[in-house]
Amino acid sequence: MNGVVLVGDRKLEIRRFDDPKPDRGQVVVRMRASGLCGSDLRPYRSTPEELANRANTICGHEPCGEVVETGHGVSDVSVGDRVMVHHYSGCGQCVHCETGWTQLCIEGSTVYGSGAHGGNADYELVESYMCVPMPDALTFEEGAAIACGTGTAYQALKRLAISGLDTLAVFGQGPVGLSATFYGAVMGARVIAVDPVPERRELAAKLGAAETIDPTSADSIEAVRELTGGVGADASLDATGIDEVRQNTVRSTRIWGRACFVGEGGTVSLAPTPDVIHRQLTLHGSWTFSTHTLKELANFTVNRGLPLSDLITHRFALADAKEAFELFDTATTGKPVFVWD
């Protein structure tokens with residue numbers, strides 16, 4: 001089979017690998033769609049030395065496809081099942097694994113796409129409990145989006161308890177931020193989308209943002225306050241991982257409001273007393289999602305007939321991985337996905 005390997009300095013290779021064979025408790029998933037996530041750009045932009053611990057590891061952590069082979073002892077999925085893959089494995093027995101949060105495993109977890117072969121390949125070998133069944137009405141492309149970026153946004157909105165009473169400010173309109181804009185609007189919130197890229201602000205408006213802000217031409221904190229009668233957003237979400245943007249996320253939120261950090265990496269500099277304590281602010285961290293959240297979101301999307309496919313702006317064959325990463329690196333797209341016929 002073919003698989004994509006990141007080799008550093010914005011370069012990648014499509015390499016040949018043996019087709020995987022399942023051991024006890026494992027299954028082989030034939031990829032039908034695999035999404036690109038903003039967190040893929042960090043290793044893509046890294047040096048070869050920084051990628052030494054994942055040399056020859058297939059990238060990709062938004063896999064979606066069909067089960068084509070099962071190992072001994074597998075009873076929870078069957079050949080032919082359409083599945084999204086939760087891209088973590090753990091001990092399977094601790095309190096976090098038992099509740100579908102294997103990335104929080106007490107014994108330590110493996111992240112597929114970096115610590116084990118990921119989904120940017122023709123096939124992926126995974127533990128059977130990593131497979132989340134998909135409703136028939138959900139496309140493989142939509143399943144790939146849900147399998148990381150969109151699922152991450154949805155879980156963060158749940159942490160923020162978003163409702164129709166809220167004005168929600170979403171900072172960063174990459175695939176995660178766009179997903180937060182889309183589902184925040186579906187949940188009834190008035191969404192203010194903040195991003196410096198015109199293409200992404202335009203897409204945010206199409207996906208449900210009531211207003212958009214260009215932080216390069218206006219102070220985003222003051223702009224949010226102006227749009228909320230001087231009060232600030234009821235809830236805010238950072239999907240960038242950038243220090244200054246995280247500050248703006250917190251400081252644009254009203255007194256008694258809620259803020260959530262989703263974008264990973266980087267740092268943040270806040271003054272606890274004026275920024276958090278004296279403003280009675282609730283500050284959340286939200287890291288991806290559980291297997292139960294994936295199933296919930298898939299059903300939520302299908303039952304409401306939501307056009308999640310509008311988030312997907314580009315589709316590529318695996319052979320065109322170089323072009324896919326180069327385009328995504330421009331930070332002007334929605335969700336790109338690899339697709340297999």
# chains A, B, ... in the order shown; residues from 1 in each chain; ligands from 1
call {"tool": "residues_around", "arguments": {"residues": "Gln26 (chain A)", "least_positions_apart": "6", "cutoff": "9 Å", "atoms": "only C-alpha atoms", "output": "VMD selection string"}}
result
chain A and resid 69 to 74 125 to 129
call {"tool": "write_last_selection", "arguments": {"atoms": "C-alpha atoms", "output": "tab-separated table (two decimals), in the first residue's frame"}}
result
chain	number	residue	atom	x	y	z
A	69	GLU	CA	-10.48	-7.47	7.92
A	70	THR	CA	-10.77	-8.34	11.61
A	71	GLY	CA	-8.45	-10.17	13.97
A	72	HIS	CA	-9.28	-12.83	16.54
A	73	GLY	CA	-11.61	-11.82	19.34
A	74	VAL	CA	-13.19	-8.86	17.55
A	125	LEU	CA	-4.39	-0.99	11.27
A	126	VAL	CA	-6.21	-0.01	14.48
A	127	GLU	CA	-7.62	-1.49	17.67
A	128	SER	CA	-11.26	-2.42	17.22
A	129	TYR	CA	-12.42	-0.08	20.01
call {"tool": "residues_around", "arguments": {"residues": "Thr102 (chain A)", "least_positions_apart": "6", "cutoff": "9 Å", "atoms": "only C-alpha atoms", "output": "JSON, numbers by chain"}}
result
{"A": [86, 88, 89, 90, 91, 92, 94, 96, 108, 109, 110, 130, 290, 291]}
call {"tool": "closest_atom_pairs", "arguments": {"of": "region 37-95 of chain A", "to": "region 310-322 of chain A", "cutoff": "12 Å", "atoms": "only C-alpha atoms", "output": "JSON lines"}}
result
{"residue": "A:Cys37", "atom": "CA", "partner": "A:Ile312", "partner_atom": "CA", "distance": 11.7}
{"residue": "A:Tyr44", "atom": "CA", "partner": "A:Lys322", "partner_atom": "CA", "distance": 10.7}
{"residue": "A:Cys59", "atom": "CA", "partner": "A:Ala321", "partner_atom": "CA", "distance": 11.0}
{"residue": "A:Gly60", "atom": "CA", "partner": "A:Ala321", "partner_atom": "CA", "distance": 11.2}
call {"tool": "write_last_selection", "arguments": {"atoms": "N, CA and C atoms", "output": "PDB file, in the first residue's frame"}}
result
ATOM      1  N   CYS A  37      -5.682  18.415   9.075  1.00  0.00           N
ATOM      2  CA  CYS A  37      -6.001  19.186  10.275  1.00  0.00           C
ATOM      3  C   CYS A  37      -4.908  20.228  10.477  1.00  0.00           C
ATOM      4  N   TYR A  44       4.631  19.211   9.541  1.00  0.00           N
ATOM      5  CA  TYR A  44       4.961  19.502   8.144  1.00  0.00           C
ATOM      6  C   TYR A  44       6.015  20.603   8.062  1.00  0.00           C
ATOM      7  N   CYS A  59       1.523   9.681   8.280  1.00  0.00           N
ATOM      8  CA  CYS A  59       0.817  10.770   8.958  1.00  0.00           C
ATOM      9  C   CYS A  59      -0.694  10.636   8.756  1.00  0.00           C
ATOM     10  N   GLY A  60      -1.426  11.542   9.381  1.00  0.00           N
ATOM     11  CA  GLY A  60      -2.875  11.580   9.203  1.00  0.00           C
ATOM     12  C   GLY A  60      -3.637  11.059  10.402  1.00  0.00           C
TER      13      GLY A  60
END
call {"tool": "residues_around", "arguments": {"residues": "Asp341 (chain A)", "least_positions_apart": "4", "cutoff": "10 Å", "atoms": "only C-alpha atoms", "output": "list in words"}}
result
Met31, Arg32, Ala33 and Ala317 of chain A
call {"tool": "closest_residue", "arguments": {"among": "A:Tyr112, A:Tyr123, A:Trp101, A:Phe289", "to": "Pro22 (chain A)", "atoms": "only C-alpha atoms"}}
result
A:Tyr123
call {"tool": "select_by_dssp", "arguments": {"residues": "region 155-308 of chain A", "states": "helix (DSSP H, G or I)", "output": "VMD selection string"}}
result
chain A and resid 155 to 160 175 to 186 198 to 206 220 to 227 243 to 251 272 to 277 291 to 303 308
call {"tool": "write_last_selection", "arguments": {"atoms": "C-alpha atoms", "output": "PDB file, in the first residue's frame"}}
result
ATOM      1  CA  GLN A 155     -16.596  19.145  22.182  1.00  0.00           C
ATOM      2  CA  ALA A 156     -15.376  22.682  22.951  1.00  0.00           C
ATOM      3  CA  LEU A 157     -18.862  24.082  22.293  1.00  0.00           C
ATOM      4  CA  LYS A 158     -20.237  21.506  24.723  1.00  0.00           C
ATOM      5  CA  ARG A 159     -17.700  22.628  27.337  1.00  0.00           C
ATOM      6  CA  LEU A 160     -18.925  26.192  26.791  1.00  0.00           C
ATOM      7  CA  PRO A 175     -11.065  23.961   9.921  1.00  0.00           C
ATOM      8  CA  VAL A 176     -11.547  23.801  13.713  1.00  0.00           C
ATOM      9  CA  GLY A 177     -12.651  27.411  14.034  1.00  0.00           C
ATOM     10  CA  LEU A 178     -14.926  27.133  11.000  1.00  0.00           C
ATOM     11  CA  SER A 179     -16.498  24.042  12.539  1.00  0.00           C
ATOM     12  CA  ALA A 180     -17.078  25.974  15.772  1.00  0.00           C
ATOM     13  CA  THR A 181     -18.671  28.779  13.775  1.00  0.00           C
ATOM     14  CA  PHE A 182     -20.909  26.342  11.898  1.00  0.00           C
ATOM     15  CA  TYR A 183     -22.117  24.330  14.903  1.00  0.00           C
ATOM     16  CA  GLY A 184     -22.279  27.372  17.173  1.00  0.00           C
ATOM     17  CA  ALA A 185     -24.716  28.944  14.724  1.00  0.00           C
ATOM     18  CA  VAL A 186     -26.659  25.676  14.483  1.00  0.00           C
ATOM     19  CA  PRO A 198     -10.391  37.192   3.648  1.00  0.00           C
ATOM     20  CA  GLU A 199     -11.143  33.766   2.168  1.00  0.00           C
ATOM     21  CA  ARG A 200     -11.724  32.306   5.601  1.00  0.00           C
ATOM     22  CA  ARG A 201     -13.900  35.193   6.775  1.00  0.00           C
ATOM     23  CA  GLU A 202     -15.999  34.743   3.645  1.00  0.00           C
ATOM     24  CA  LEU A 203     -16.360  31.023   4.315  1.00  0.00           C
ATOM     25  CA  ALA A 204     -17.233  31.718   7.976  1.00  0.00           C
ATOM     26  CA  ALA A 205     -20.078  33.971   6.835  1.00  0.00           C
ATOM     27  CA  LYS A 206     -21.382  31.234   4.537  1.00  0.00           C
ATOM     28  CA  SER A 220     -10.550  42.570  17.821  1.00  0.00           C
ATOM     29  CA  ILE A 221     -11.326  43.150  21.517  1.00  0.00           C
ATOM     30  CA  GLU A 222     -12.880  46.547  20.846  1.00  0.00           C
ATOM     31  CA  ALA A 223     -14.654  45.218  17.762  1.00  0.00           C
ATOM     32  CA  VAL A 224     -16.299  42.411  19.751  1.00  0.00           C
ATOM     33  CA  ARG A 225     -17.322  44.851  22.463  1.00  0.00           C
ATOM     34  CA  GLU A 226     -18.771  47.248  19.890  1.00  0.00           C
ATOM     35  CA  LEU A 227     -20.853  44.416  18.437  1.00  0.00           C
ATOM     36  CA  ASP A 243      -0.342  33.964  22.497  1.00  0.00           C
ATOM     37  CA  GLU A 244      -1.806  37.323  21.467  1.00  0.00           C
ATOM     38  CA  VAL A 245      -4.957  35.730  20.069  1.00  0.00           C
ATOM     39  CA  ARG A 246      -5.479  33.776  23.280  1.00  0.00           C
ATOM     40  CA  GLN A 247      -5.203  37.052  25.204  1.00  0.00           C
ATOM     41  CA  ASN A 248      -7.769  38.654  22.914  1.00  0.00           C
ATOM     42  CA  THR A 249     -10.074  35.664  23.325  1.00  0.00           C
ATOM     43  CA  VAL A 250     -10.100  36.078  27.094  1.00  0.00           C
ATOM     44  CA  ARG A 251     -10.255  39.873  27.106  1.00  0.00           C
ATOM     45  CA  PRO A 272      -4.864  36.551  36.536  1.00  0.00           C
ATOM     46  CA  THR A 273      -6.448  39.321  38.592  1.00  0.00           C
ATOM     47  CA  PRO A 274      -7.734  41.716  35.893  1.00  0.00           C
ATOM     48  CA  ASP A 275      -8.132  39.113  33.142  1.00  0.00           C
ATOM     49  CA  VAL A 276      -9.776  36.275  35.034  1.00  0.00           C
ATOM     50  CA  ILE A 277     -10.421  36.733  38.763  1.00  0.00           C
ATOM     51  CA  THR A 291     -15.583   8.058  21.092  1.00  0.00           C
ATOM     52  CA  HIS A 292     -19.030   8.800  22.514  1.00  0.00           C
ATOM     53  CA  THR A 293     -18.771  12.425  21.365  1.00  0.00           C
ATOM     54  CA  LEU A 294     -17.928  11.255  17.831  1.00  0.00           C
ATOM     55  CA  LYS A 295     -21.033   9.083  17.706  1.00  0.00           C
ATOM     56  CA  GLU A 296     -23.174  11.868  19.159  1.00  0.00           C
ATOM     57  CA  LEU A 297     -21.909  14.419  16.644  1.00  0.00           C
ATOM     58  CA  ALA A 298     -22.430  12.087  13.688  1.00  0.00           C
ATOM     59  CA  ASN A 299     -26.055  11.543  14.718  1.00  0.00           C
ATOM     60  CA  PHE A 300     -26.540  15.243  15.522  1.00  0.00           C
ATOM     61  CA  THR A 301     -25.365  16.149  12.019  1.00  0.00           C
ATOM     62  CA  VAL A 302     -27.487  13.571  10.206  1.00  0.00           C
ATOM     63  CA  ASN A 303     -30.661  14.003  12.259  1.00  0.00           C
ATOM     64  CA  LEU A 308     -21.231  19.687   6.921  1.00  0.00           C
TER      65      LEU A 308
END
call {"tool": "residues_around", "arguments": {"residues": "Ala55 (chain A)", "least_positions_apart": "3", "cutoff": "12 Å", "atoms": "only C-alpha atoms", "output": "list of chain:residue names"}}
result
A:Val4, A:Val5, A:Leu6, A:Val7, A:Gly8, A:Leu12, A:Glu13, A:Arg15, A:Pro43, A:Thr47, A:Pro48, A:Glu49, A:Glu50, A:Leu51, A:Ala52, A:Ile58, A:Cys59, A:Gly113, A:Ser114, A:Gly115, A:Ala116, A:His117
call {"tool": "write_last_selection", "arguments": {"atoms": "N, CA and C atoms", "output": "mmCIF file, in the first residue's frame"}}
result
data_model
loop_
_atom_site.group_PDB
_atom_site.id
_atom_site.type_symbol
_atom_site.label_atom_id
_atom_site.label_comp_id
_atom_site.auth_asym_id
_atom_site.auth_seq_id
_atom_site.Cartn_x
_atom_site.Cartn_y
_atom_site.Cartn_z
ATOM 1 N N VAL A 4 1.695 8.360 3.211
ATOM 2 C CA VAL A 4 2.384 9.644 3.203
ATOM 3 C C VAL A 4 3.227 9.779 4.468
ATOM 4 N N VAL A 5 4.504 10.124 4.287
ATOM 5 C CA VAL A 5 5.436 10.326 5.397
ATOM 6 C C VAL A 5 5.988 11.743 5.318
ATOM 7 N N LEU A 6 5.890 12.486 6.420
ATOM 8 C CA LEU A 6 6.466 13.820 6.490
ATOM 9 C C LEU A 6 7.948 13.690 6.818
ATOM 10 N N VAL A 7 8.794 14.371 6.047
ATOM 11 C CA VAL A 7 10.239 14.220 6.223
ATOM 12 C C VAL A 7 10.919 15.495 6.685
ATOM 13 N N GLY A 8 10.177 16.602 6.826
ATOM 14 C CA GLY A 8 10.744 17.830 7.351
ATOM 15 C C GLY A 8 10.925 18.908 6.317
ATOM 16 N N LEU A 12 7.477 15.959 1.906
ATOM 17 C CA LEU A 12 6.867 14.676 2.234
ATOM 18 C C LEU A 12 7.216 13.677 1.156
ATOM 19 N N GLU A 13 7.008 12.420 1.478
ATOM 20 C CA GLU A 13 7.235 11.344 0.513
ATOM 21 C C GLU A 13 6.061 10.378 0.562
ATOM 22 N N ARG A 15 5.444 6.642 0.267
ATOM 23 C CA ARG A 15 6.260 5.439 0.340
ATOM 24 C C ARG A 15 5.390 4.189 0.266
ATOM 25 N N PRO A 43 4.096 19.457 12.281
ATOM 26 C CA PRO A 43 5.161 18.553 11.838
ATOM 27 C C PRO A 43 5.575 18.799 10.390
ATOM 28 N N THR A 47 11.668 20.544 11.236
ATOM 29 C CA THR A 47 12.924 20.130 10.611
ATOM 30 C C THR A 47 13.015 18.603 10.615
ATOM 31 N N PRO A 48 13.863 18.031 9.771
ATOM 32 C CA PRO A 48 14.066 16.573 9.813
ATOM 33 C C PRO A 48 14.491 16.085 11.188
ATOM 34 N N GLU A 49 15.298 16.880 11.884
ATOM 35 C CA GLU A 49 15.749 16.477 13.220
ATOM 36 C C GLU A 49 14.578 16.416 14.197
ATOM 37 N N GLU A 50 13.664 17.345 14.088
ATOM 38 C CA GLU A 50 12.501 17.361 14.975
ATOM 39 C C GLU A 50 11.550 16.202 14.698
ATOM 40 N N LEU A 51 11.629 15.641 13.491
ATOM 41 C CA LEU A 51 10.750 14.529 13.114
ATOM 42 C C LEU A 51 11.440 13.175 13.260
ATOM 43 N N ALA A 52 12.615 13.144 13.870
ATOM 44 C CA ALA A 52 13.389 11.894 13.937
ATOM 45 C C ALA A 52 12.636 10.781 14.651
ATOM 46 N N ILE A 58 3.476 6.864 8.949
ATOM 47 C CA ILE A 58 2.449 7.448 8.092
ATOM 48 C C ILE A 58 1.684 8.504 8.879
ATOM 49 N N CYS A 59 1.523 9.681 8.280
ATOM 50 C CA CYS A 59 0.817 10.770 8.958
ATOM 51 C C CYS A 59 -0.694 10.636 8.756
ATOM 52 N N GLY A 113 -0.879 8.502 13.586
ATOM 53 C CA GLY A 113 -0.493 9.583 12.715
ATOM 54 C C GLY A 113 0.823 10.209 13.134
ATOM 55 N N SER A 114 1.278 9.859 14.351
ATOM 56 C CA SER A 114 2.589 10.309 14.833
ATOM 57 C C SER A 114 3.292 9.195 15.596
ATOM 58 N N GLY A 115 2.593 8.586 16.574
ATOM 59 C CA GLY A 115 3.188 7.488 17.321
ATOM 60 C C GLY A 115 2.929 6.124 16.708
ATOM 61 N N ALA A 116 2.014 6.058 15.772
ATOM 62 C CA ALA A 116 1.701 4.834 15.023
ATOM 63 C C ALA A 116 1.170 5.269 13.666
ATOM 64 N N HIS A 117 1.188 4.346 12.697
ATOM 65 C CA HIS A 117 0.750 4.703 11.349
ATOM 66 C C HIS A 117 -0.659 5.279 11.351
#
call {"tool": "residues_around", "arguments": {"residues": "Ala239 (chain A)", "least_positions_apart": "4", "cutoff": "7 Å", "atoms": "only C-alpha atoms", "output": "list of chain:residue names"}}
result
A:Phe171, A:Gly172, A:Val176, A:Gly177, A:Phe261, A:Val262, A:Gly263
call {"tool": "closest_residue", "arguments": {"among": "A:Pro196, A:Gly188, A:Gly208, A:Gly38", "to": "Ala161 (chain A)", "atoms": "only C-alpha atoms"}}
result
A:Gly188
call {"tool": "select_by_dssp", "arguments": {"residues": "region 26-194 of chain A", "states": "strand (DSSP E or B)", "output": "number ranges by chain"}}
result
A: 26-35, 63-70, 82-85, 88-89, 110-112, 116, 121, 123-127, 131-133, 167-171, 190-194
call {"tool": "atom_distance", "arguments": {"atom1": "CA of Ala235 (chain A)", "atom2": "CA of Thr167 (chain A)"}}
result
6.5 Å
